[in-house]
Each structure stands twice: as structure tokens, then as C-alpha cells.
Amino acid sequence: MKKLKYALFTGCTAKQSTPEQYISTFAVADKLGIELVELTEASCCGASHLQDFDDFLSLVLNARNIAYAEKHGLTMVTICNTCQLNTAMTKHRLDNDAKLKEKVNVKLREVGLEYKGTSNVIHFLYAIIDDFGLDKIKDMVVTPLSQFNIAPFYGCHNIRPSELQNESHKKAENPYNPTSLDDLIIACGGKNVDYEAKNKCCGFHVELQAPKTAAVLTGNAIAGAMDGNADWMVTPCPLCHLKLDTQTGHASEAIGREVALPVLHMQQMLGLALGCSSEQLGLKHHLEKVDFI
Amino acid sequence: MSTHKITTQKVNFKVFRFNADEDYLPYYEDYSMEVTSEEVVLDILNRIKWDNDGSFSYRRSCRHGICGTCAIKVNGRATLACKERMNDMIELFGHELTIEPLSIKRAVKDLIIDKGDFWAKHDAIHPYLISDVQEHPEHEHLVTPEEAEELLEADLCIQCGACHYACPVIEINEDFFGPAAFAKAYRFEADVRDDAHTQRLVELNEEKQGIWDCVKCFECQEACPKDVNPIDKITKLHQMLFTEGVATSNVATRHAVGFKHSILKNGVLDEGGLVLYSEGLGIVKHIPVALRMFTKGKIVPPWGITKSDNLDEIQKLVKSSSTAKF
């Protein structure tokens, strides 16, 4: 098979509050023989908030990020669900509206760039599943996670709006019954926990303005995983991870029940199965201690 | 003559049953049925009632996806029973289907719910044109096709409640207006004939009903059977608050605007800086968690942030492409 190569849009969180996600992304890519070209020119995607204030500016900035992936002639891979949403949404809107695309390009040309629409935008999870393949992952597992019940937490912006998200990857995901992360858990040798909150919202985006709502949603998610007898949770989204890993105090208080579980990034889970070390996966950065390896 | 062949397949249904006058707790009744490829979900409800149990209760009326009466949930997915084809449901969920009301805690009898909260919020946004109509107008009040398009199909809403009861915030914050009411508010805010423009926006902007409290989960967009796309309308309302000068300085508006400042300065986001800009003095409540994060190497100080390469490009674009002010 030809070596897989992608343009990596890390987003801001992986370089700041979830450093373990940044290093484990490269550790896993290395194990799988995937080449990642980091888009160091990329700006913040606006995190689904900037467009509430200035929609056009948000479009221009996201189009610029994609334009850099296009310059490399590579598919853009994201490692944050919200980066995926904002980038894919921008692509969708520009690819379906020639006037808007031209309006954005007028601005981009001022800095010598152009958005063409030639690069696809996919989350790393789907790059692994669609392009690399779960069968090959299964063959490469050296440390099967067979003693663990693992609760998948999908994160909204990888599965909704389904019409948009399913444009970018091959296997259409049912937002009411997503399976990609479950499939990855099984490929890693683990047991997937089925629970109601797995495709629900973690509350991240209202943590500042509606802390109670945010805390209840986080609490419900962890409680659901605990009731499903999970040993730990896994998520493809660093924003969900921040909620689930760092906000257990507020979450417990909000739902009137002590909740806490170790939460791994999708890359860390895969890395464990592939034989990466604890250091390569940055496990020391977690607030909810990862002490089972 | 049509060559279309009708096929059947066996489906097992778990159907929510509850009578608020008699039952202490709800229960589920099992039905196993041969389902034909021509049937919609409402046909199944009718067959349960007509062939099995006449006491089974649900709302139905037009059978054409217009009246919004028959919205229920199938395997957790809000759906208009009269519009949803059984074949699609089987394709999506397989042959084990659970039929429930839109909101279990609001169940009155079986699939019938008390939609009182939905209607109260719907009414609160003044869901009608407010216009000083002259008794003897001298000319028609014309709306151009371009102006009509600004409604972005928000006028297609049939008040079925699917998005409202799919919204996770509704279950937590009883004051939250919800996606249907906000989308309806947009429908009139975007109407050039409406004169209540700023006044309605000012009322919407009151903190209690939570125009800024949408969690951005897109459940409403997924649930809407008429493709109204409520979350898109909530975003439009946010933008209107800024363009009409109605937005007040609060943690949510500063949060949205803060991204622009951070991008202008670093290209990337300064996470700590954004929280400080949004919260002001309120940042103190985040200190205990921030300290724990700091000890785990999760907080990068402003001077430690790796700025985007070609930052001058980003700065130029932020200056030339900005369309909003605050």
C-alpha cells in the first residue's frame, strides 16, 4: 500500500491544554507509517464561536487553513471535532456557492492564497478507519486491550450534522447509533461499552456562559459510562476530553453524584494497543489518573 | 402497469405505554409485525391500535407532514410518524425498534405528551408579524424574492416539537427557549415587513431564556423533519444582536468576540487569555481547576504560545475581512 500522507491541522487545544493529544497523534502515526505534515501556518478555526460574531471572517480564516493543505496537495486531517466541523462546514459552503467562494478568494488573494476546493477534510479517526483500515490495525495490535471495558464518547461535531460529516468519509455514520469508535475499540482488542450518552453533548461550548448546563451534561456522560461498567472512556475530541477529564468536580456537584473515570484520547488508546510507551502517549498529563498500565 | 414489488419483513417493536391517570410507572409493550416496504411509521401505530389494542394513544391528523402533530421518537430519533418510511428506519436501526413519545417525562398517555412548555416559549417570542398596517394602503407591500430568501426556510416550521425535545438544554434549564422558539423568532426578525425588529431582539437578549446557552450539539438540525435547521437560525440571531447593536457585554458575547482578538494577536487561540477576556474578574472561579491543570502541564502562559507561521497574513486578513463590530 502506498504510504498515507496528510496535512495535519492540529487546532489550538492540542498545542496547549491537551499536549498529550499532540504527542500521541505523532506516536500513533509513526507506528502506522502515516506521514503527517503539520500546517504550522494555520490559525484558530473560531471554535464554533467566532461565526456568532463575524461569519465572513470565520469563513476567510478557515478557507486559508484549507488553502495551505491544498498547496501541499494533501487531504487535511483534523484531530479536534470542532476544528473538523468548522473546517468541513467552510468547505461545504464554499464548494456549493461560487459567489461566496469568489468573495472569500478576493480576500485570500490579497495575501497570495487561493481556496480551490481540492483538498478533502477528515478527522484522523476516519482517516484511520477509511484509509488505513481496521483489519490492518487488528494485525498490528501487540498489546490487546482485552481486560478493559471501554466507553466510547463520540463528541457532537464528528457525528452531527450528519449530512455534512458524512460528506467527508466513506462509511456513513448514524448519529443516533454511531459505530466508528466502537469499531476501533474492538480492533484494539477492548470491549466496547454501550450506553445512552455516548453520542450526546459534553457541554463544552457553554462552560463559561451556562456552567450548570455544561456540568450536568458532563456528569451525565461520565455517569452513563460508569453505569455501563466502563473502566475508562475514550474520545476523538480534545474539547470533550477537557470536559470529561478536568471538570469532574463541577460535574459531580451538578448531578449530585461522585463521577470520575480516566479518559483517553482516541490516539492514546490506539497507541496503547500498538505498543507505544506511557511517555510517548503523554499519560502523565491527565487529571484523572491513568494508572492501569 | 407498475412493476414495483411490495416486500415485507419482520420487525420487533417495543412500544412505550403509560397512562398518567392509572400507572405509577411507564412500561413497554412488545409487538412483532410483518412490515411492508410501503408503510410509514404512522401505519404501524395505526395497526397497533386497530389490530391489537384500541386504548393505545397517539396524536395524528393530516398524514401529509404538514400539521406537525405526530412527532414521536424511534430509537431515540425524533421523527414525524406520517413522513418517516419504515424502510428507512429499518436501514438506520435494524429490525428492533423502540417507539417512544418525544419527551418521556412529559408523557400523558402513551405517545401523547403535554407540550405546554413548547407552546409557552413559542408564544413568548411574539410569533407573528408586528406591523403598523395602514387601513387604506396606497400600494402593495412588496417583498422581493431575495428578501424572502432571507428567511432561510425558517417559515417551513410546523411546530412539531421534534427539535425542542431533542435539545439537551431543554431538559436541564427550564427557562431556555429552545431551538424551535429561537428559529421562529428568526423567521420574523428576518422578515422585512416586521416592525418589531429591535424590540424583539432586545427581549430575546434577556439572559434568562438563554440565547447564548445553545450547546452547539446540532441535535435540532438532525431532528427537524422540515430542514429548518434551527441552530443555523440561532447563529443568525447571534449575528443580528451584534449588527443591530443589541448585544450587551457579557461572558458569552465577549467569548465570541475574544476569538477575533486572540487570532489577531497569535493566529492561534490563547486559551487562558480567552477565558480572562470573557470572564473578567469572574476568572477567579476557574483558578482551582486551572492550578490542577498547571501541575499537569496543561496550561501554556501567554509568552509560551507558539504563534501561527505567516502571522502577518492572518493579521492582514482579520483587518480586511472583518464585517462586525463590538
# chains A, B, ... in the order shown; residues from 1 in each chain; ligands from 1
$ select_by_dssp --residues "segment 29-172 of chain A" --states "alpha helix (DSSP H)" --output "PyMOL selection string"
chain A and resi 29-32+50-53+55-72+81-95+98-109+124-126+134-140+156-159+162-168
$ residues_around --residues "His123 of chain A" --least-positions-apart "2" --cutoff "8 Å" --atoms "only C-alpha atoms" --output "list in words"
Val77, Thr78, Ile79, Cys80, Asn81, Gln84, Val121, Leu125, Tyr126, Ala127 and Asn158 of chain A
$ write_last_selection --atoms "C-alpha atoms" --output "JSON list (two decimals), in the first residue's frame"
[["chain", "number", "residue", "atom", "x", "y", "z"],
["A", 77, "VAL", "CA", -6.65, 15.73, 8.75],
["A", 78, "THR", "CA", -8.10, 17.27, 11.91],
["A", 79, "ILE", "CA", -7.74, 15.95, 15.46],
["A", 80, "CYS", "CA", -10.46, 18.04, 17.08],
["A", 81, "ASN", "CA", -14.17, 17.52, 16.38],
["A", 84, "GLN", "CA", -13.46, 19.33, 11.83],
["A", 121, "VAL", "CA", -11.12, 17.47, 5.23],
["A", 125, "LEU", "CA", -10.37, 8.84, 13.34],
["A", 126, "TYR", "CA", -11.94, 8.41, 9.91],
["A", 127, "ALA", "CA", -8.60, 8.60, 8.13],
["A", 158, "ASN", "CA", -17.85, 14.37, 14.43]]
$ atom_distance --atom1 "atom CA of Leu317 of chain B" --atom2 "atom CA of Lys107 of chain A"
6.9 Å
$ select_by_dssp --residues "segment 2-239 of chain A" --states "strand (DSSP E or B)" --output "number ranges by chain"
A: 5-9, 35-38, 76-78, 121-123, 149-152, 191-192, 232-235
$ closest_atom_pairs --of "chain B" --to "chain A" --cutoff "6 Å" --atoms "only C-alpha atoms" --output "JSON lines"
{"residue": "B:Asp213", "atom": "CA", "partner": "A:Ala210", "partner_atom": "CA", "distance": 5.9}
{"residue": "B:Val215", "atom": "CA", "partner": "A:His205", "partner_atom": "CA", "distance": 5.5}
{"residue": "B:Cys217", "atom": "CA", "partner": "A:Cys156", "partner_atom": "CA", "distance": 5.4}
{"residue": "B:Phe218", "atom": "CA", "partner": "A:Arg160", "partner_atom": "CA", "distance": 5.8}
{"residue": "B:Thr235", "atom": "CA", "partner": "A:Asp52", "partner_atom": "CA", "distance": 5.4}
{"residue": "B:His238", "atom": "CA", "partner": "A:Asp52", "partner_atom": "CA", "distance": 5.4}
{"residue": "B:Gln239", "atom": "CA", "partner": "A:Asp52", "partner_atom": "CA", "distance": 5.4}
{"residue": "B:Val251", "atom": "CA", "partner": "A:Gln209", "partner_atom": "CA", "distance": 5.9}
{"residue": "B:Ala252", "atom": "CA", "partner": "A:Gln209", "partner_atom": "CA", "distance": 5.5}
{"residue": "B:Ala256", "atom": "CA", "partner": "A:His49", "partner_atom": "CA", "distance": 5.0}
{"residue": "B:Phe259", "atom": "CA", "partner": "A:Leu50", "partner_atom": "CA", "distance": 5.9}
{"residue": "B:Gly267", "atom": "CA", "partner": "A:Ser43", "partner_atom": "CA", "distance": 4.6}
{"residue": "B:Val268", "atom": "CA", "partner": "A:Cys44", "partner_atom": "CA", "distance": 4.5}
{"residue": "B:Leu269", "atom": "CA", "partner": "A:Cys44", "partner_atom": "CA", "distance": 5.8}
{"residue": "B:Lys296", "atom": "CA", "partner": "A:His285", "partner_atom": "CA", "distance": 4.8}
{"residue": "B:Lys298", "atom": "CA", "partner": "A:Ser17", "partner_atom": "CA", "distance": 4.2}
{"residue": "B:Ile299", "atom": "CA", "partner": "A:Ser17", "partner_atom": "CA", "distance": 5.6}
{"residue": "B:Val300", "atom": "CA", "partner": "A:Gln16", "partner_atom": "CA", "distance": 5.7}
{"residue": "B:Ser308", "atom": "CA", "partner": "A:Glu41", "partner_atom": "CA", "distance": 5.0}
{"residue": "B:Asp309", "atom": "CA", "partner": "A:Glu41", "partner_atom": "CA", "distance": 4.3}
{"residue": "B:Asn310", "atom": "CA", "partner": "A:Glu41", "partner_atom": "CA", "distance": 5.9}
{"residue": "B:Glu313", "atom": "CA", "partner": "A:Val111", "partner_atom": "CA", "distance": 5.9}
{"residue": "B:Ser321", "atom": "CA", "partner": "A:Leu57", "partner_atom": "CA", "distance": 5.4}
{"residue": "B:Ser322", "atom": "CA", "partner": "A:Leu57", "partner_atom": "CA", "distance": 5.4}
{"residue": "B:Ala324", "atom": "CA", "partner": "A:Asp54", "partner_atom": "CA", "distance": 5.5}
$ residues_around --residues "Lys71 of chain A" --least-positions-apart "2" --cutoff "10 Å" --atoms "only C-alpha atoms" --output "count of residues only"
13
$ residues_around --residues "Asn266 of chain B" --least-positions-apart "6" --cutoff "9 Å" --atoms "only C-alpha atoms" --output "JSON, numbers by chain"
{"A": [43], "B": [305, 306, 307, 308, 311, 314, 315]}
$ write_last_selection --atoms "N, CA and C atoms" --output "PDB file, in the first residue's frame"
ATOM      1  N   SER A  43      -4.447  29.057  11.396  1.00  0.00           N
ATOM      2  CA  SER A  43      -4.956  29.855  12.514  1.00  0.00           C
ATOM      3  C   SER A  43      -5.996  29.037  13.259  1.00  0.00           C
TER       4      SER A  43
ATOM      5  N   ILE B 305       3.120  30.663  24.055  1.00  0.00           N
ATOM      6  CA  ILE B 305       2.277  30.209  22.942  1.00  0.00           C
ATOM      7  C   ILE B 305       3.039  30.237  21.616  1.00  0.00           C
ATOM      8  N   THR B 306       2.963  29.137  20.884  1.00  0.00           N
ATOM      9  CA  THR B 306       3.562  29.087  19.555  1.00  0.00           C
ATOM     10  C   THR B 306       2.604  29.755  18.574  1.00  0.00           C
ATOM     11  N   LYS B 307       3.007  30.938  18.092  1.00  0.00           N
ATOM     12  CA  LYS B 307       2.127  31.664  17.177  1.00  0.00           C
ATOM     13  C   LYS B 307       2.115  30.988  15.812  1.00  0.00           C
ATOM     14  N   SER B 308       1.062  31.260  15.031  1.00  0.00           N
ATOM     15  CA  SER B 308       0.989  30.703  13.677  1.00  0.00           C
ATOM     16  C   SER B 308       2.127  31.254  12.833  1.00  0.00           C
ATOM     17  N   LEU B 311       2.088  34.890  10.391  1.00  0.00           N
ATOM     18  CA  LEU B 311       1.088  35.616  11.177  1.00  0.00           C
ATOM     19  C   LEU B 311       0.664  36.917  10.497  1.00  0.00           C
ATOM     20  N   ILE B 314      -2.370  36.456   8.450  1.00  0.00           N
ATOM     21  CA  ILE B 314      -3.601  36.328   9.252  1.00  0.00           C
ATOM     22  C   ILE B 314      -4.054  37.707   9.725  1.00  0.00           C
ATOM     23  N   GLN B 315      -3.086  38.503  10.191  1.00  0.00           N
ATOM     24  CA  GLN B 315      -3.421  39.834  10.703  1.00  0.00           C
ATOM     25  C   GLN B 315      -4.013  40.710   9.603  1.00  0.00           C
TER      26      GLN B 315
END
$ closest_residue --among "B:Arg193, B:Ala166, B:Leu291, B:Asn12" --to "Glu147 of chain B" --atoms "only C-alpha atoms"
B:Arg193
